[in-house]
>>> print(open('query.csv').read())   # CSV, C-alpha atoms and all ligand atoms
chain,number,residue,atom,x,y,z
V,176,MET,CA,51.0,103.5,2.1
V,177,ALA,CA,52.0,102.1,-1.3
V,178,THR,CA,54.8,99.5,-1.5
V,179,ILE,CA,56.6,97.6,-4.2
V,180,ARG,CA,59.2,95.0,-3.6
V,181,TRP,CA,62.3,94.2,-5.7
V,182,THR,CA,64.4,91.1,-5.6
V,183,ARG,CA,67.4,90.3,-7.8
V,184,ASP,CA,65.8,87.1,-9.2
V,185,ILE,CA,62.3,88.5,-10.1
V,186,GLY,CA,62.7,92.3,-10.2
V,187,TRP,CA,59.8,94.6,-9.2
V,188,HIS,CA,56.7,92.8,-7.9
V,189,ASP,CA,54.1,92.7,-5.2
V,190,ALA,CA,52.7,96.2,-5.5
V,191,GLN,CA,50.2,97.0,-2.8
V,192,ILE,CA,48.3,99.9,-1.3
V,193,GLU,CA,47.1,99.4,2.2
V,194,ALA,CA,46.5,101.3,5.5
V,195,ARG,CA,49.8,102.6,6.9
V,196,ARG,CA,51.4,100.1,9.2
V,197,PRO,CA,54.9,99.5,10.7
V,198,PHE,CA,57.5,97.5,8.8
V,199,GLU,CA,58.8,94.4,10.5
V,200,ILE,CA,62.5,94.7,10.3
V,201,ASP,CA,65.1,91.9,11.0
V,202,PRO,CA,68.1,93.2,13.0
V,203,ALA,CA,70.3,92.1,10.1
V,204,CYS,CA,68.3,94.1,7.6
V,205,SER,CA,71.1,95.6,5.4
V,206,VAL,CA,69.8,99.2,5.4
V,207,LEU,CA,70.4,99.4,9.2
V,208,HIS,CA,74.1,98.6,8.6
V,209,TYR,CA,75.1,99.9,5.2
V,210,ALA,CA,72.5,102.6,4.7
V,211,GLN,CA,71.4,102.0,1.1
V,212,GLU,CA,68.4,104.4,1.3
V,213,ILE,CA,67.1,107.1,-1.0
V,214,PHE,CA,64.0,109.3,-1.0
V,215,GLU,CA,62.0,112.0,-2.8
V,216,GLY,CA,60.0,114.9,-1.5
V,217,MET,CA,57.0,116.2,-3.4
V,218,LYS,CA,53.6,117.8,-2.8
V,219,ALA,CA,50.0,117.5,-4.0
V,220,TYR,CA,48.2,120.8,-4.2
V,221,ARG,CA,44.5,121.6,-4.1
V,222,SER,CA,43.4,124.4,-6.4
V,223,LYS,CA,40.6,126.8,-5.6
V,224,GLU,CA,38.3,124.7,-7.8
V,225,GLY,CA,39.1,121.7,-5.5
V,226,LYS,CA,41.2,119.8,-8.1
V,227,ILE,CA,44.3,118.0,-7.0
V,228,SER,CA,47.6,118.2,-8.8
V,229,LEU,CA,51.3,117.3,-8.6
V,230,PHE,CA,54.2,119.5,-9.6
V,231,ARG,CA,56.6,117.9,-12.2
V,232,PRO,CA,56.4,114.4,-10.8
V,233,LEU,CA,58.4,113.1,-13.8
V,234,ALA,CA,61.4,115.1,-12.6
V,235,ASN,CA,61.1,113.4,-9.2
V,236,ALA,CA,60.8,110.0,-10.8
V,237,GLN,CA,63.9,110.7,-13.0
V,238,ARG,CA,65.9,112.0,-10.0
V,239,PHE,CA,64.9,108.9,-8.0
V,240,ARG,CA,66.4,106.8,-10.7
V,241,GLU,CA,69.6,108.8,-10.7
V,242,SER,CA,69.8,108.5,-6.9
V,243,ALA,CA,69.3,104.7,-7.1
V,244,LYS,CA,72.0,104.4,-9.7
V,245,ARG,CA,74.5,106.2,-7.4
V,246,MET,CA,73.6,104.1,-4.4
V,247,SER,CA,73.8,100.7,-6.4
V,248,MET,CA,70.1,100.3,-6.0
V,249,PRO,CA,67.6,99.1,-8.7
V,250,GLN,CA,65.9,101.8,-10.8
V,251,LEU,CA,62.2,102.0,-10.5
V,252,PRO,CA,60.6,102.9,-13.9
V,253,GLU,CA,59.3,106.5,-14.0
V,254,ALA,CA,55.8,105.4,-15.0
V,255,THR,CA,55.6,103.0,-12.0
V,256,PHE,CA,56.9,105.7,-9.6
V,257,ILE,CA,54.3,108.2,-10.8
V,258,GLN,CA,51.5,105.6,-10.7
V,259,ALA,CA,52.3,104.7,-7.1
V,260,VAL,CA,52.2,108.4,-6.1
V,261,GLU,CA,49.0,109.0,-8.1
V,262,LYS,CA,47.2,106.0,-6.6
V,263,LEU,CA,48.1,107.0,-3.1
V,264,VAL,CA,47.0,110.6,-3.6
V,265,ASP,CA,43.8,109.5,-5.2
V,266,ILE,CA,42.9,107.3,-2.2
V,267,ASP,CA,44.0,110.0,0.2
V,268,GLN,CA,42.2,112.9,-1.5
V,269,ALA,CA,40.5,113.9,1.7
V,270,TRP,CA,43.9,114.5,3.3
V,271,VAL,CA,44.9,117.2,0.7
V,272,PRO,CA,44.3,120.4,2.6
V,273,GLU,CA,42.5,123.5,1.2
V,274,THR,CA,44.1,126.2,3.4
V,275,GLU,CA,46.5,128.6,1.7
V,276,GLY,CA,50.1,127.5,2.1
V,277,SER,CA,49.1,123.9,3.0
V,278,SER,CA,49.5,120.8,0.9
V,279,LEU,CA,49.9,117.0,1.1
V,280,TYR,CA,53.6,116.2,1.5
V,281,ILE,CA,54.5,113.0,-0.3
V,282,ARG,CA,57.5,110.9,0.6
V,283,PRO,CA,58.5,108.2,-1.8
V,284,PHE,CA,61.6,106.2,-0.6
V,285,MET,CA,63.4,103.0,-1.0
V,286,PHE,CA,65.7,101.0,1.2
V,287,ALA,CA,67.8,97.8,1.2
V,288,SER,CA,65.7,95.1,2.8
V,289,GLU,CA,67.8,92.0,2.5
V,290,ASN,CA,68.8,90.4,5.8
V,291,PHE,CA,72.6,89.9,5.7
V,292,LEU,CA,75.8,91.4,7.2
V,293,GLY,CA,78.2,91.8,4.3
V,294,VAL,CA,79.6,94.6,2.3
V,295,ARG,CA,77.9,94.4,-1.1
V,296,ALA,CA,74.7,95.8,-2.7
V,297,SER,CA,71.6,94.2,-1.2
V,298,ASN,CA,69.7,91.7,-3.3
V,299,GLU,CA,66.3,92.9,-2.0
V,300,TYR,CA,64.7,96.4,-1.8
V,301,THR,CA,61.4,97.9,-0.6
V,302,PHE,CA,60.0,101.0,-2.4
V,303,CYS,CA,57.3,102.8,-0.4
V,304,VAL,CA,55.2,106.0,-0.6
V,305,ILE,CA,53.7,107.7,2.4
V,306,ALA,CA,52.0,111.1,2.7
V,307,CYS,CA,50.8,113.6,5.3
V,308,PRO,CA,49.2,117.1,5.3
V,309,VAL,CA,51.6,120.0,6.0
V,310,GLY,CA,51.3,123.7,6.6
V,311,PRO,CA,54.0,126.4,5.9
V,312,TYR,CA,57.5,125.0,6.4
V,313,PHE,CA,58.8,127.8,8.6
V,314,LYS,CA,56.7,128.3,11.7
V,315,SER,CA,57.1,132.1,11.6
V,316,GLY,CA,55.2,132.0,8.3
V,317,ARG,CA,56.2,134.5,5.7
V,318,SER,CA,59.3,135.9,7.4
V,319,THR,CA,63.0,135.6,6.3
V,320,VAL,CA,65.5,133.1,7.7
V,321,LYS,CA,68.8,133.4,9.4
V,322,VAL,CA,71.6,131.2,8.2
V,323,TRP,CA,74.8,129.9,9.7
V,324,VAL,CA,77.8,129.4,7.4
V,325,SER,CA,79.6,126.3,8.6
V,326,ASP,CA,83.4,126.4,8.3
V,327,GLU,CA,83.9,123.1,10.1
V,328,TYR,CA,81.4,120.7,8.4
V,329,THR,CA,80.9,120.0,4.8
V,330,ARG,CA,78.1,118.1,3.1
V,331,ALA,CA,79.6,116.5,0.0
V,332,GLY,CA,82.9,116.0,-1.7
V,333,ARG,CA,84.0,115.3,-5.3
V,334,GLY,CA,83.0,111.8,-6.2
V,335,GLY,CA,80.7,111.5,-3.2
V,336,THR,CA,76.9,111.3,-2.9
V,337,GLY,CA,76.1,115.1,-2.9
V,338,ALA,CA,73.9,114.9,-6.0
V,339,ALA,CA,71.9,111.8,-4.7
V,340,LYS,CA,68.9,112.3,-2.5
V,341,CYS,CA,70.0,109.8,0.1
V,342,GLY,CA,69.4,109.7,3.8
V,343,GLY,CA,73.1,109.4,4.5
V,344,ASN,CA,73.7,113.0,3.3
V,345,TYR,CA,71.2,114.2,5.9
V,346,ALA,CA,72.8,112.0,8.6
V,347,ALA,CA,76.1,113.7,7.9
V,348,SER,CA,74.6,117.2,7.8
V,349,LEU,CA,72.5,117.1,11.0
V,350,ILE,CA,75.5,118.1,13.3
V,351,ALA,CA,75.9,121.3,11.3
V,352,GLN,CA,72.2,122.0,11.4
V,353,THR,CA,72.3,121.5,15.2
V,354,GLU,CA,75.2,123.9,15.3
V,355,ALA,CA,73.2,126.5,13.3
V,356,VAL,CA,70.4,126.3,15.8
V,357,THR,CA,72.8,126.8,18.7
V,358,LYS,CA,74.0,129.9,16.9
V,359,GLY,CA,70.5,131.2,16.8
V,360,CYS,CA,70.0,130.4,13.1
V,361,ASP,CA,67.4,128.5,11.2
V,362,GLN,CA,69.5,126.7,8.5
V,363,VAL,CA,73.1,125.9,7.7
V,364,VAL,CA,74.9,127.0,4.5
V,365,PHE,CA,77.6,124.5,3.3
V,366,LEU,CA,80.8,125.5,1.6
V,367,ASP,CA,82.7,123.3,-0.8
V,368,ALA,CA,84.7,120.5,0.9
V,369,THR,CA,88.0,121.1,-1.0
V,370,THR,CA,88.7,124.8,-0.4
V,371,ASN,CA,86.0,125.9,2.0
V,372,THR,CA,85.4,128.8,-0.3
V,373,TRP,CA,82.5,128.3,-2.6
V,374,ILE,CA,78.9,128.4,-1.5
V,375,GLU,CA,77.1,125.1,-2.3
V,376,GLU,CA,73.6,124.9,-0.7
V,377,LEU,CA,71.7,124.7,2.5
V,378,GLY,CA,71.0,121.4,4.3
V,379,GLY,CA,68.0,120.7,2.2
V,380,MET,CA,67.6,123.7,-0.1
V,381,ASN,CA,69.4,125.3,-3.1
V,382,VAL,CA,70.3,129.0,-3.0
V,383,PHE,CA,70.0,132.0,-5.4
V,384,PHE,CA,71.6,135.5,-5.3
V,385,VAL,CA,69.9,138.6,-6.7
V,386,PHE,CA,72.2,141.3,-8.1
V,387,ASP,CA,71.6,145.0,-8.4
V,388,ASP,CA,71.6,144.7,-12.2
V,389,GLY,CA,68.6,142.3,-11.9
V,390,SER,CA,70.5,139.1,-12.7
V,391,LEU,CA,70.4,135.9,-10.7
V,392,ARG,CA,73.3,133.7,-9.7
V,393,THR,CA,73.2,130.1,-8.4
V,394,PRO,CA,76.0,127.6,-7.8
V,395,PRO,CA,76.4,125.2,-10.7
V,396,LEU,CA,75.5,121.4,-10.6
V,397,THR,CA,79.0,119.9,-10.3
V,398,GLY,CA,78.1,116.7,-8.5
V,399,THR,CA,78.3,118.0,-4.9
V,400,ILE,CA,74.9,119.8,-5.0
V,401,LEU,CA,71.5,118.3,-5.1
V,402,PRO,CA,69.8,119.2,-8.4
V,403,GLY,CA,66.6,120.7,-7.0
V,404,ILE,CA,63.5,120.7,-9.1
V,405,THR,CA,62.5,124.1,-7.6
V,406,ARG,CA,66.0,125.4,-8.6
V,407,ALA,CA,65.5,124.1,-12.2
V,408,SER,CA,62.0,125.6,-12.3
V,409,ILE,CA,63.2,129.0,-11.1
V,410,ILE,CA,65.9,129.1,-13.7
V,411,GLU,CA,63.4,128.4,-16.4
V,412,LEU,CA,60.9,130.9,-15.0
V,413,ALA,CA,63.5,133.6,-14.8
V,414,LYS,CA,64.9,133.0,-18.2
V,415,ALA,CA,61.4,133.2,-19.7
V,416,GLU,CA,61.0,136.6,-18.1
V,417,GLY,CA,64.3,137.7,-19.7
V,418,ILE,CA,66.2,137.6,-16.5
V,419,TYR,CA,69.9,136.6,-16.9
V,420,VAL,CA,70.7,133.5,-14.7
V,421,ASN,CA,74.4,132.8,-14.1
V,422,GLU,CA,75.0,129.2,-13.0
V,423,ALA,CA,78.5,129.9,-11.7
V,424,PRO,CA,80.5,129.4,-8.5
V,425,TYR,CA,80.1,132.2,-5.9
V,426,SER,CA,82.4,132.5,-2.9
V,427,PHE,CA,81.3,133.2,0.6
V,428,GLY,CA,83.9,136.1,0.8
V,429,GLN,CA,82.3,137.6,-2.4
V,430,TRP,CA,78.8,137.3,-1.0
V,431,ARG,CA,79.9,139.1,2.2
V,432,ALA,CA,81.5,141.9,0.1
V,433,ASP,CA,78.6,142.2,-2.3
V,434,ALA,CA,76.0,142.3,0.5
V,435,SER,CA,77.9,145.0,2.1
V,436,SER,CA,78.4,147.1,-1.1
V,437,GLY,CA,74.8,146.6,-2.1
V,438,ARG,CA,75.7,144.7,-5.3
V,439,VAL,CA,73.8,141.7,-3.9
V,440,LYS,CA,70.3,142.9,-3.1
V,441,GLU,CA,68.6,139.7,-2.1
V,442,THR,CA,69.4,136.0,-1.4
V,443,PHE,CA,66.8,133.3,-1.2
V,444,ALA,CA,66.7,129.5,-0.6
V,445,CYS,CA,64.4,127.2,-2.5
V,446,GLY,CA,63.1,123.7,-2.3
V,447,THR,CA,59.8,121.7,-2.3
V,448,ALA,CA,59.4,122.0,1.4
V,449,ALA,CA,59.7,125.7,1.8
V,450,ALA,CA,59.2,126.8,-1.8
V,451,VAL,CA,61.1,130.2,-1.9
V,452,THR,CA,62.3,131.8,1.3
V,453,ALA,CA,64.4,134.9,1.7
V,454,ILE,CA,67.7,134.8,3.6
V,455,GLY,CA,67.8,138.0,5.6
V,456,HIS,CA,70.7,137.5,7.9
V,457,VAL,CA,74.0,135.6,7.8
V,458,ARG,CA,76.2,134.5,10.6
V,459,TYR,CA,79.6,132.9,10.5
V,460,ALA,CA,82.5,132.2,12.9
V,461,LYS,CA,83.9,135.7,12.6
V,462,GLY,CA,80.9,137.9,12.3
V,463,GLU,CA,77.5,138.5,10.7
V,464,PHE,CA,75.8,140.6,8.1
V,465,ASN,CA,72.4,141.4,6.6
V,466,VAL,CA,71.4,140.8,3.0
V,467,GLY,CA,69.6,143.9,1.6
V,468,THR,CA,67.2,145.3,4.1
V,469,GLY,CA,67.1,142.0,6.0
V,470,ASP,CA,63.5,141.6,4.8
V,471,GLU,CA,62.1,139.8,1.8
V,472,GLY,CA,63.0,141.7,-1.4
V,473,PRO,CA,60.8,142.3,-4.4
V,474,VAL,CA,62.5,139.8,-6.7
V,475,THR,CA,62.3,137.0,-4.2
V,476,GLN,CA,58.6,137.9,-3.7
V,477,ARG,CA,57.8,137.9,-7.4
V,478,ILE,CA,59.5,134.6,-8.1
V,479,ARG,CA,57.8,133.0,-5.1
V,480,ASN,CA,54.4,134.2,-6.2
V,481,LYS,CA,55.0,133.1,-9.7
V,482,LEU,CA,56.1,129.6,-8.7
V,483,ILE,CA,53.3,129.1,-6.1
V,484,GLY,CA,50.8,130.5,-8.5
V,485,ILE,CA,51.6,127.8,-11.1
V,486,GLN,CA,51.8,125.0,-8.4
V,487,ARG,CA,48.4,126.0,-7.0
V,488,GLY,CA,46.6,126.4,-10.3
V,489,ILE,CA,46.2,130.2,-9.9
V,490,SER,CA,48.5,131.2,-12.8
V,491,ALA,CA,48.6,129.7,-16.3
V,492,ASP,CA,50.8,126.6,-16.5
V,493,THR,CA,52.7,127.8,-19.6
V,494,PHE,CA,55.6,125.3,-19.0
V,495,GLY,CA,53.4,122.1,-18.7
V,496,TRP,CA,54.6,121.4,-15.2
V,497,VAL,CA,51.2,120.7,-13.5
V,498,HIS,CA,50.1,117.1,-13.5
V,499,HIS,CA,46.4,116.6,-12.6
V,500,VAL,CA,45.4,113.8,-10.4
V,501,THR,CA,41.7,114.6,-10.1
Z,1,LIG,C1,65.6,117.8,-1.9
Z,1,LIG,C2,66.7,118.7,-1.7
Z,1,LIG,C3,66.8,120.0,-2.3
Z,1,LIG,C4,65.6,120.7,-3.0
Z,1,LIG,O1,65.1,119.9,-4.1
Z,1,LIG,P1,63.7,120.2,-4.7
Z,1,LIG,O2,63.5,119.2,-5.8
Z,1,LIG,O3,63.6,121.6,-5.1
Z,1,LIG,O4,62.7,120.0,-3.6
Z,1,LIG,C5,67.9,120.8,-2.2
Z,1,LIG,N1,69.0,120.3,-1.5
Z,1,LIG,C6,69.0,119.1,-0.9
Z,1,LIG,C7,70.2,118.6,-0.1
Z,1,LIG,C8,67.8,118.3,-1.0
Z,1,LIG,O5,67.8,117.1,-0.4
>>> encode(input="query.csv", output="structure tokens", more="lines below")
Ligand SMILES: *Cc1c(COP(=O)(O)O)cnc(C)c1O
Amino acid sequence: MATIRWTRDIGWHDAQIEARRPFEIDPACSVLHYAQEIFEGMKAYRSKEGKISLFRPLANAQRFRESAKRMSMPQLPEATFIQAVEKLVDIDQAWVPETEGSSLYIRPFMFASENFLGVRASNEYTFCVIACPVGPYFKSGRSTVKVWVSDEYTRAGRGGTGAAKCGGNYAASLIAQTEAVTKGCDQVVFLDATTNTWIEELGGMNVFFVFDDGSLRTPPLTGTILPGITRASIIELAKAEGIYVNEAPYSFGQWRADASSGRVKETFACGTAAAVTAIGHVRYAKGEFNVGTGDEGPVTQRIRNKLIGIQRGISADTFGWVHHVT
């Protein structure tokens, strides 16, 4: 694990890399009470030639600063963030798997580590990076997922923390995820908190719709959605291929109507953990429907292969997204 400490009087200091060990936490440690905690999720990939690389680590470092700002936490400089990740991956090279679909999952995070009970921003923080090898996200492998559209729980509201990658967002969304599982689904789809109309995202993934005219649509970044790096990369990839990408609100009612009329051919979720995954089936309180054939469609497949190809060093990195570590 890599750690760096921050205190209000001296700033960032005491950077260390050591064998992973438990933290010793005082019962008054402020993160346990007021939940100032943010994180990132990224992967190190091994190419066929054995070289190890990261995918757009600067984007993670920048988003980590944005999350910190929203949660009244100190902003770790991007170069320091990247250096901590690089050093850990370099030391843990042997843990980067070679198997197709596998990678080293990297989890940078930061939490308030001052011991006090009082409502104000902490004066001490701990930044840490850990990593572990992972296989494909969905146990069933290549198949599509079923989603549950929650009409009871929402994930983020206007002025809230929806755009910050903080643990608290997940704490609030787990009940909906549990509900999805009891409904026989893999993931939950959240609608907007104000009108319960507009599709926002899944618990930990952004969402895209593929139309019969070949265009893509994805909900816009209005502050309640997490700005996914996979989402941004797919928008750039699609635009470079001449595909029209509409970043515009899309209602659940319209999705239902368009899936039934055939205007929407495919829907997929995207994020670092699962890359690109087709949504084949949708359930909600009053019914259920299939998207397209219910199987992975050709556009989803092409976008996934293109993205994974770049990440794994199979296709040319025309966007400059690949960051070599070894
Ligand atoms: C991390 C995350 C995503 C996906 O972001 P990527 O940068 O593509 O991994 C989407 N939604 C939520 C809520 C997230 O926490």
>>> residues_near_ligand(input="query.csv", ligand="ligand LIG 1 (chain Z)", cutoff="7 Å", atoms="all atoms listed in the file", output="short mmCIF file (atom, residue, chain, number, x, y, z; two decimals) with C-alpha atoms, keeping the file's coordinate frame")
data_model
loop_
_atom_site.label_atom_id
_atom_site.label_comp_id
_atom_site.auth_asym_id
_atom_site.auth_seq_id
_atom_site.Cartn_x
_atom_site.Cartn_y
_atom_site.Cartn_z
CA GLU V 215 62.00 112.00 -2.80
CA GLY V 216 60.00 114.90 -1.50
CA MET V 217 57.00 116.20 -3.40
CA LYS V 340 68.90 112.30 -2.50
CA GLU V 376 73.60 124.90 -0.70
CA LEU V 377 71.70 124.70 2.50
CA GLY V 378 71.00 121.40 4.30
CA GLY V 379 68.00 120.70 2.20
CA MET V 380 67.60 123.70 -0.10
CA ASN V 381 69.40 125.30 -3.10
CA ILE V 400 74.90 119.80 -5.00
CA LEU V 401 71.50 118.30 -5.10
CA PRO V 402 69.80 119.20 -8.40
CA GLY V 403 66.60 120.70 -7.00
CA ILE V 404 63.50 120.70 -9.10
CA THR V 405 62.50 124.10 -7.60
CA ARG V 406 66.00 125.40 -8.60
CA CYS V 445 64.40 127.20 -2.50
CA GLY V 446 63.10 123.70 -2.30
CA THR V 447 59.80 121.70 -2.30
CA ALA V 448 59.40 122.00 1.40
#
>>> closest_residue(input="query.csv", among="V:Gly437, V:Phe230, V:Thr370, V:Ala449", to="Ser277 in chain V", atoms="all atoms listed in the file")
V:Ala449
>>> residues_near_point(input="query.csv", point="(68.1, 130.6, -3.2)", cutoff="7 Å", atoms="only C-alpha atoms", output="list in words")
Asn381, Val382, Phe383, Phe384, Thr442, Phe443, Ala444 and Cys445 of chain V
>>> residues_around(input="query.csv", residues="Leu391 in chain V", least_positions_apart="2", cutoff="7 Å", atoms="only C-alpha atoms", output="list in words")
Phe383, Phe384, Val385, Phe386, Gly389, Thr393, Tyr419, Val420 and Asn421 of chain V
>>> closest_residue(input="query.csv", among="V:Pro311, V:Pro394, V:Gly472, V:Gly359", to="Glu275 in chain V", atoms="all atoms listed in the file")
V:Pro311
>>> residues_around(input="query.csv", residues="range 183-187 of chain V", least_positions_apart="4", cutoff="10 Å", atoms="only C-alpha atoms", output="PyMOL selection string")
chain V and resi 179+249-252+255+297-302
>>> residues_around(input="query.csv", residues="Tyr209 in chain V", least_positions_apart="6", cutoff="12 Å", atoms="only C-alpha atoms", output="list in words")
Ala203, Met246, Ser247, Phe286, Ala287, Ser288, Glu289, Asn290, Phe291, Leu292, Gly293, Val294, Arg295, Ala296, Ser297, Gly342 and Gly343 of chain V
>>> closest_residue(input="query.csv", among="V:Cys303, V:Gln352, V:Tyr328, V:Phe494", to="Arg180 in chain V", atoms="only C-alpha atoms")
V:Cys303
>>> atom_distance(input="query.csv", atom1="CA of Arg240 in chain V", atom2="CA of Glu199 in chain V")
25.7 Å
>>> residues_near_point(input="query.csv", point="(50.9, 93.0, -1.6)", cutoff="9 Å", atoms="all atoms listed in the file", output="list of chain:residue names")
V:Thr178, V:Ile179, V:Arg180, V:His188, V:Asp189, V:Ala190, V:Gln191, V:Ile192, V:Glu193
>>> write_last_selection(input="query.csv", atoms="C-alpha atoms", output="PDB file, keeping the file's coordinate frame")
ATOM      1  CA  THR V 178      54.800  99.500  -1.500  1.00  0.00           C
ATOM      2  CA  ILE V 179      56.600  97.600  -4.200  1.00  0.00           C
ATOM      3  CA  ARG V 180      59.200  95.000  -3.600  1.00  0.00           C
ATOM      4  CA  HIS V 188      56.700  92.800  -7.900  1.00  0.00           C
ATOM      5  CA  ASP V 189      54.100  92.700  -5.200  1.00  0.00           C
ATOM      6  CA  ALA V 190      52.700  96.200  -5.500  1.00  0.00           C
ATOM      7  CA  GLN V 191      50.200  97.000  -2.800  1.00  0.00           C
ATOM      8  CA  ILE V 192      48.300  99.900  -1.300  1.00  0.00           C
ATOM      9  CA  GLU V 193      47.100  99.400   2.200  1.00  0.00           C
TER      10      GLU V 193
END
>>> atom_distance(input="query.csv", atom1="CA of Arg245 in chain V", atom2="CA of His208 in chain V")
17.7 Å
>>> atom_distance(input="query.csv", atom1="CA of Pro473 in chain V", atom2="CA of Ser490 in chain V")
18.6 Å
>>> closest_residue(input="query.csv", among="V:Ile350, V:Ile374, V:Ala432, V:Val309", to="Pro272 in chain V", atoms="all atoms listed in the file")
V:Val309
>>> residues_around(input="query.csv", residues="range 219-221 of chain V", least_positions_apart="4", cutoff="6 Å", atoms="only C-alpha atoms", output="PyMOL selection string")
chain V and resi 225-229+273+278-279+487
>>> closest_residue(input="query.csv", among="V:Phe365, V:Tyr459, V:Trp496, V:Phe239", to="Ser408 in chain V", atoms="only C-alpha atoms")
V:Trp496
